[in-house]
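S.K.: mmCIF, C-alpha atoms and all ligand atoms; chains and numbers go by the auth columns, file final.cif:
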data_structure
loop_
_atom_site.group_PDB
_atom_site.id
_atom_site.type_symbol
_atom_site.label_atom_id
_atom_site.label_comp_id
_atom_site.label_asym_id
_atom_site.label_seq_id
_atom_site.Cartn_x
_atom_site.Cartn_y
_atom_site.Cartn_z
_atom_site.B_iso_or_equiv
_atom_site.auth_seq_id
_atom_site.auth_asym_id
ATOM 1 C CA MET A 1 0.000 0.000 0.000 0.00 16 D
ATOM 2 C CA SER A 2 1.213 3.462 -0.828 0.00 17 D
ATOM 3 C CA TYR A 3 -0.169 6.710 0.584 0.00 18 D
ATOM 4 C CA LEU A 4 -0.160 10.155 -0.953 0.00 19 D
ATOM 5 C CA GLY A 5 1.059 11.557 2.374 0.00 20 D
ATOM 6 C CA ASP A 6 4.237 9.486 1.995 0.00 21 D
ATOM 7 C CA LEU A 7 5.017 11.433 -1.195 0.00 22 D
ATOM 8 C CA ILE A 8 4.794 14.884 0.396 0.00 23 D
ATOM 9 C CA TYR A 9 8.191 16.428 1.135 0.00 24 D
ATOM 10 C CA LYS A 10 8.841 18.095 4.471 0.00 25 D
ATOM 11 C CA PRO A 11 12.063 20.000 5.091 0.00 26 D
ATOM 12 C CA GLU A 12 13.084 17.782 8.023 0.00 27 D
ATOM 13 C CA LYS A 13 12.515 14.617 5.982 0.00 28 D
ATOM 14 C CA ALA A 14 13.920 15.705 2.630 0.00 29 D
ATOM 15 C CA VAL A 15 16.882 13.470 1.799 0.00 30 D
ATOM 16 C CA GLY A 16 19.071 12.837 -1.232 0.00 31 D
ATOM 17 C CA GLU A 17 18.262 15.083 -4.190 0.00 32 D
ATOM 18 C CA ALA A 18 15.250 16.561 -2.348 0.00 33 D
ATOM 19 C CA ALA A 19 17.472 17.914 0.445 0.00 34 D
ATOM 20 C CA GLY A 20 18.887 20.445 -2.004 0.00 35 D
ATOM 21 C CA LYS A 21 15.376 21.637 -2.904 0.00 36 D
ATOM 22 C CA LYS A 22 13.932 22.294 0.553 0.00 37 D
ATOM 23 C CA GLU A 23 14.959 25.978 0.799 0.00 38 D
ATOM 24 C CA THR A 24 13.346 26.814 -2.534 0.00 39 D
ATOM 25 C CA HIS A 25 10.197 24.655 -2.214 0.00 40 D
ATOM 26 C CA THR A 26 9.054 24.585 1.414 0.00 41 D
ATOM 27 C CA PRO A 27 6.200 27.066 1.977 0.00 42 D
ATOM 28 C CA LYS A 28 7.188 29.779 4.430 0.00 43 D
ATOM 29 C CA ILE A 29 4.202 30.586 6.629 0.00 44 D
ATOM 30 C CA LYS A 30 3.798 33.899 8.386 0.00 45 D
ATOM 31 C CA ALA A 31 0.877 33.766 10.822 0.00 46 D
ATOM 32 C CA PRO A 32 0.134 34.931 14.351 0.00 47 D
ATOM 33 C CA GLU A 33 0.728 32.449 17.172 0.00 48 D
ATOM 34 C CA LYS A 34 -2.469 33.553 18.873 0.00 49 D
ATOM 35 C CA VAL A 35 -5.744 34.878 17.431 0.00 50 D
ATOM 36 C CA LYS A 36 -9.224 35.723 18.680 0.00 51 D
ATOM 37 C CA ALA A 37 -11.699 32.924 17.948 0.00 52 D
ATOM 38 C CA GLY A 38 -13.853 33.789 14.952 0.00 53 D
ATOM 39 C CA GLU A 39 -11.951 36.994 14.105 0.00 54 D
ATOM 40 C CA PRO A 40 -10.220 37.358 10.718 0.00 55 D
ATOM 41 C CA PHE A 41 -6.423 37.331 10.535 0.00 56 D
ATOM 42 C CA THR A 42 -3.931 37.024 7.710 0.00 57 D
ATOM 43 C CA VAL A 43 -1.702 34.119 6.777 0.00 58 D
ATOM 44 C CA GLU A 44 1.126 34.890 4.361 0.00 59 D
ATOM 45 C CA ILE A 45 2.663 32.144 2.254 0.00 60 D
ATOM 46 C CA GLU A 46 5.816 32.535 0.251 0.00 61 D
ATOM 47 C CA ILE A 47 7.748 29.920 -1.703 0.00 62 D
ATOM 48 C CA GLY A 48 11.125 30.561 -3.205 0.00 63 D
ATOM 49 C CA PRO A 49 13.163 32.037 -4.664 0.00 64 D
ATOM 50 C CA HIS A 50 11.932 29.620 -7.323 0.00 65 D
ATOM 51 C CA PRO A 51 11.807 29.775 -11.155 0.00 66 D
ATOM 52 C CA ASN A 52 8.509 30.947 -12.611 0.00 67 D
ATOM 53 C CA GLN A 53 8.515 29.575 -16.148 0.00 68 D
ATOM 54 C CA ALA A 54 6.058 27.539 -18.204 0.00 69 D
ATOM 55 C CA VAL A 55 8.392 24.545 -17.894 0.00 70 D
ATOM 56 C CA HIS A 56 9.066 24.928 -14.154 0.00 71 D
ATOM 57 C CA SER A 57 7.003 26.784 -11.583 0.00 72 D
ATOM 58 C CA ILE A 58 4.957 26.568 -8.411 0.00 73 D
ATOM 59 C CA ARG A 59 1.513 25.671 -9.775 0.00 74 D
ATOM 60 C CA TYR A 60 -0.598 25.941 -6.650 0.00 75 D
ATOM 61 C CA VAL A 61 -0.649 26.619 -2.943 0.00 76 D
ATOM 62 C CA GLN A 62 -3.183 25.037 -0.613 0.00 77 D
ATOM 63 C CA LEU A 63 -4.029 25.686 3.004 0.00 78 D
ATOM 64 C CA PHE A 64 -5.592 23.160 5.341 0.00 79 D
ATOM 65 C CA PHE A 65 -6.521 23.393 9.002 0.00 80 D
ATOM 66 C CA LYS A 66 -6.495 20.665 11.633 0.00 81 D
ATOM 67 C CA GLU A 67 -8.990 21.855 14.230 0.00 82 D
ATOM 68 C CA GLU A 68 -8.461 20.582 17.757 0.00 83 D
ATOM 69 C CA GLY A 69 -11.246 18.283 18.900 0.00 84 D
ATOM 70 C CA ARG A 70 -12.873 17.930 15.475 0.00 85 D
ATOM 71 C CA ALA A 71 -13.903 14.405 14.524 0.00 86 D
ATOM 72 C CA PHE A 72 -12.674 14.683 10.930 0.00 87 D
ATOM 73 C CA ASN A 73 -9.721 16.719 9.749 0.00 88 D
ATOM 74 C CA PRO A 74 -8.396 18.556 7.869 0.00 89 D
ATOM 75 C CA ILE A 75 -10.582 21.480 6.798 0.00 90 D
ATOM 76 C CA HIS A 76 -9.674 22.835 3.368 0.00 91 D
ATOM 77 C CA LEU A 77 -9.162 26.607 3.807 0.00 92 D
ATOM 78 C CA ALA A 78 -8.028 27.754 0.393 0.00 93 D
ATOM 79 C CA THR A 79 -6.436 26.824 -2.915 0.00 94 D
ATOM 80 C CA ALA A 80 -4.638 29.353 -5.102 0.00 95 D
ATOM 81 C CA MET A 81 -3.866 28.265 -8.660 0.00 96 D
ATOM 82 C CA LEU A 82 -0.863 30.115 -10.113 0.00 97 D
ATOM 83 C CA GLU A 83 -0.389 30.823 -13.799 0.00 98 D
ATOM 84 C CA PRO A 84 3.260 30.261 -14.777 0.00 99 D
ATOM 85 C CA GLU A 85 5.118 33.466 -15.688 0.00 100 D
ATOM 86 C CA TYR A 86 2.222 35.658 -14.435 0.00 101 D
ATOM 87 C CA ALA A 87 1.545 34.785 -10.783 0.00 102 D
ATOM 88 C CA ASP A 88 4.186 34.338 -8.087 0.00 103 D
ATOM 89 C CA PRO A 89 3.840 32.108 -5.039 0.00 104 D
ATOM 90 C CA LYS A 90 3.628 35.002 -2.616 0.00 105 D
ATOM 91 C CA LEU A 91 0.106 35.090 -1.228 0.00 106 D
ATOM 92 C CA VAL A 92 -1.957 36.520 1.594 0.00 107 D
ATOM 93 C CA PHE A 93 -5.046 34.703 2.833 0.00 108 D
ATOM 94 C CA THR A 94 -7.601 36.029 5.305 0.00 109 D
ATOM 95 C CA ILE A 95 -8.692 33.246 7.620 0.00 110 D
ATOM 96 C CA ARG A 96 -10.814 32.848 10.719 0.00 111 D
ATOM 97 C CA ILE A 97 -10.793 29.897 13.084 0.00 112 D
ATOM 98 C CA LYS A 98 -13.039 29.029 15.991 0.00 113 D
ATOM 99 C CA LYS A 99 -10.658 26.697 17.817 0.00 114 D
ATOM 100 C CA SER A 100 -6.930 26.217 18.157 0.00 115 D
ATOM 101 C CA GLY A 101 -5.175 23.946 15.716 0.00 116 D
ATOM 102 C CA THR A 102 -2.560 23.614 12.998 0.00 117 D
ATOM 103 C CA ILE A 103 -2.424 25.319 9.633 0.00 118 D
ATOM 104 C CA TYR A 104 -0.759 23.298 6.890 0.00 119 D
ATOM 105 C CA ALA A 105 0.530 24.838 3.689 0.00 120 D
ATOM 106 C CA LEU A 106 1.150 22.743 0.584 0.00 121 D
ATOM 107 C CA GLY A 107 3.043 23.989 -2.436 0.00 122 D
ATOM 108 C CA TYR A 108 3.212 22.071 -5.698 0.00 123 D
ATOM 109 C CA CYS A 109 6.116 22.417 -8.117 0.00 124 D
ATOM 110 C CA ASN A 110 5.540 20.682 -11.449 0.00 125 D
ATOM 111 C CA LEU A 111 9.098 19.296 -11.407 0.00 126 D
ATOM 112 C CA HIS A 112 9.839 18.828 -7.707 0.00 127 D
ATOM 113 C CA GLY A 113 6.566 17.686 -6.197 0.00 128 D
ATOM 114 C CA LEU A 114 4.478 18.561 -3.167 0.00 129 D
ATOM 115 C CA TRP A 115 6.045 20.336 -0.204 0.00 130 D
ATOM 116 C CA GLU A 116 4.504 20.836 3.194 0.00 131 D
ATOM 117 C CA SER A 117 4.987 23.009 6.236 0.00 132 D
ATOM 118 C CA SER A 118 2.798 23.858 9.210 0.00 133 D
ATOM 119 C CA VAL A 119 2.301 26.207 12.163 0.00 134 D
ATOM 120 C CA ASN A 120 0.251 25.918 15.324 0.00 135 D
ATOM 121 C CA ILE A 121 -2.249 28.652 16.103 0.00 136 D
ATOM 122 C CA LYS A 122 -4.029 29.244 19.363 0.00 137 D
ATOM 123 C CA ALA A 123 -7.580 30.624 19.230 0.00 138 D
ATOM 124 C CA GLU A 124 -8.834 32.312 22.409 0.00 139 D
HETATM 125 FE FE FE B . 10.877 23.352 -8.494 0.00 201 B
#
Here is a file; write its structure as structure tokens.

M.R.:
Amino acid sequence: MSYLGDLIYKPEKAVGEAAGKKETHTPKIKAPEKVKAGEPFTVEIEIGPHPNQAVHSIRYVQLFFKEEGRAFNPIHLATAMLEPEYADPKLVFTIRIKKSGTIYALGYCNLHGLWESSVNIKAE
């Protein structure tokens, strides 16, 4: 059995050829550590420096949320599709959460696969 999750690169697990790609492919997440439950806040995602060409680019960024105490996770927060040569992987999302949890960012490079990072956020 093979799982999609096994194919997702994380900086701490990137080995071999992937180790050399982690700085340029791991989503950098800028988000507050603590927010007010239900109030909007911004999450900034940046990937790169990375080429932005038709033959090689970051094609999309996705955000998911693992909400503490929820029976089924994750919650899909957002997907941003990026047009090669026109749209850079530098994005700002406005999010609101009701409970504490973990935000996961996924970035997909058409040549170097899916890369993941995450941050914990406390909702009070
Ligand atoms: Fe790449």

S.K.: Residues near Glu83 (chain D), anyone? I mean within 12 Å using all atoms listed in the file, not counting same-chain ones fewer than 5 positions away, as a PyMOL selection string.

M.R.: chain D and resi 88-90+112-118+135-138

S.K.: What's the 10 Å shell around Gly63 (chain D), counting all atoms listed in the file, without same-chain residues fewer than 2 positions away, as a PDB file with C-alpha atoms, in the frame of the given file?

M.R.:
ATOM      1  CA  LYS D  36      15.376  21.637  -2.904  1.00  0.00           C
ATOM      2  CA  LYS D  37      13.932  22.294   0.553  1.00  0.00           C
ATOM      3  CA  GLU D  38      14.959  25.978   0.799  1.00  0.00           C
ATOM      4  CA  THR D  39      13.346  26.814  -2.534  1.00  0.00           C
ATOM      5  CA  HIS D  40      10.197  24.655  -2.214  1.00  0.00           C
ATOM      6  CA  THR D  41       9.054  24.585   1.414  1.00  0.00           C
ATOM      7  CA  PRO D  42       6.200  27.066   1.977  1.00  0.00           C
ATOM      8  CA  LYS D  43       7.188  29.779   4.430  1.00  0.00           C
ATOM      9  CA  GLU D  61       5.816  32.535   0.251  1.00  0.00           C
ATOM     10  CA  HIS D  65      11.932  29.620  -7.323  1.00  0.00           C
ATOM     11  CA  PRO D  66      11.807  29.775 -11.155  1.00  0.00           C
ATOM     12  CA  ASN D  67       8.509  30.947 -12.611  1.00  0.00           C
ATOM     13  CA  ILE D  73       4.957  26.568  -8.411  1.00  0.00           C
ATOM     14  CA  ASP D 103       4.186  34.338  -8.087  1.00  0.00           C
ATOM     15  CA  PRO D 104       3.840  32.108  -5.039  1.00  0.00           C
ATOM     16  CA  LYS D 105       3.628  35.002  -2.616  1.00  0.00           C
TER      17      LYS D 105
END

S.K.: With a cut-off of 6 Å, could you pull out the residues of chain D touching ligand FE 201 (chain B) and give me the nearest pair of atoms for each, distance in Å to one decimal, using all atoms listed in the file, ordered by chain and ascending number, as a tab-separated table?

M.R.:
residue	atom	partner	partner_atom	distance
D:Cys124	CA	B:FE201	FE	4.9
D:Leu126	CA	B:FE201	FE	5.3
D:His127	CA	B:FE201	FE	4.7

S.K.: For Glu139 (chain D), which residue among D:Lys51, D:Ala102, D:Lys28, D:Ala86 is the nearest when counting only C-alpha atoms?

M.R.: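 Closest candidate: D:Lys51.
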
S.K.: Take the PyMOL selection byres (((chain D and resi 78) around 7) and not hetatm), apply it to the structure above, and return the hits as number ranges by chain.

M.R.: D: 76-77, 79-80, 91-94, 118-121

S.K.: When you count all atoms listed in the file, which of these residues is closest to Leu22 (chain D): D:Glu98, D:Leu129, D:Arg74, D:Val134?

M.R.: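 Of D:Glu98, D:Leu129, D:Arg74, D:Val134, the one nearest Leu22 (chain D) is D:Leu129, counting all atoms listed in the file.
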
S.K.: Written as an MDAnalysis selection string, what is the full residue list that the PyMOL selection byres (((chain D and resi 57) around 8) and not hetatm) yields on the file shown?

M.R.: chainID D and resid 46 55:56 58:59 107:110

S.K.: In Å to one decimal, how far is CA of Glu100 (chain D) from CA of His71 (chain D)?

M.R.: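 Separation between CA of His71 (chain D) and CA of Glu100 (chain D): 9.5 Å.
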
S.K.: Between CA of Trp130 (chain D) and CA of Ser17 (chain D), measure the distance and give it in Å to one decimal.

M.R.: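 So the answer is 17.6 Å.
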
S.K.: Can you list, as a compact mmCIF listing (two decimals) with C-alpha atoms, in the frame of the given file, the residues that the PyMOL selection byres (((chain D and resi 23) around 8) and not hetatm) selects here?

M.R.:
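Below is the file expr.txt, written as the result:
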# COMPACT_ATOMS: atom_id res chain seq x y z
CA LEU D 19 -0.16 10.15 -0.95
CA GLY D 20 1.06 11.56 2.37
CA ASP D 21 4.24 9.49 2.00
CA LEU D 22 5.02 11.43 -1.20
CA TYR D 24 8.19 16.43 1.14
CA LYS D 25 8.84 18.10 4.47
CA GLY D 128 6.57 17.69 -6.20
CA LEU D 129 4.48 18.56 -3.17
CA TRP D 130 6.04 20.34 -0.20
CA GLU D 131 4.50 20.84 3.19

S.K.: Report as a list in words all protein, DNA and RNA residues lying within 6 Å of Tyr75 (chain D), evaluated on all atoms listed in the file, omitting residues in the same chain fewer than 2 positions from it.

M.R.: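 Here the answer would be Ile73, Ala95, Met96, Leu97, Gly122 and Tyr123 of chain D.
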
S.K.: Any chance you could export the current selection's C-alpha atoms as a PDB file, in the frame of the given file?

M.R.:
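In the end it all went to again.pdb:
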ATOM      1  CA  ILE D  73       4.957  26.568  -8.411  1.00  0.00           C
ATOM      2  CA  ALA D  95      -4.638  29.353  -5.102  1.00  0.00           C
ATOM      3  CA  MET D  96      -3.866  28.265  -8.660  1.00  0.00           C
ATOM      4  CA  LEU D  97      -0.863  30.115 -10.113  1.00  0.00           C
ATOM      5  CA  GLY D 122       3.043  23.989  -2.436  1.00  0.00           C
ATOM      6  CA  TYR D 123       3.212  22.071  -5.698  1.00  0.00           C
TER       7      TYR D 123
END

S.K.: Just need the box for region 92-97 of chain D, edges along x, y and z, holding every atom the file lists for it with 3 Å tacked onto each side, so centre and edge lengths in Å to one decimal, as JSON.

M.R.:
{"center_x": -5.0, "center_y": 28.4, "center_z": -3.2, "size_x": 14.3, "size_y": 9.5, "size_z": 19.9}

S.K.: Between CA of Ser72 (chain D) and CA of Pro99 (chain D), what is the distance, to one decimal in Å?

M.R.: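 Rounded to one decimal, the two atoms are 6.0 Å apart.
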
S.K.: Using all atoms listed in the file for the distances, tell me which of D:Val70, D:Tyr18, D:Lys81, D:Ile62 is nearest to Ile44 (chain D).

M.R.: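 The answer is D:Ile62, which sits nearest to Ile44 (chain D).
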
S.K.: From the set D:Leu106, D:Asn125, D:Val50, D:Arg111, which residue has the shortest atom-to-atom contact distance to Gln68 (chain D), counting only C-alpha atoms?

M.R.: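 Distance minimum relative to Gln68 (chain D) lands on D:Asn125.
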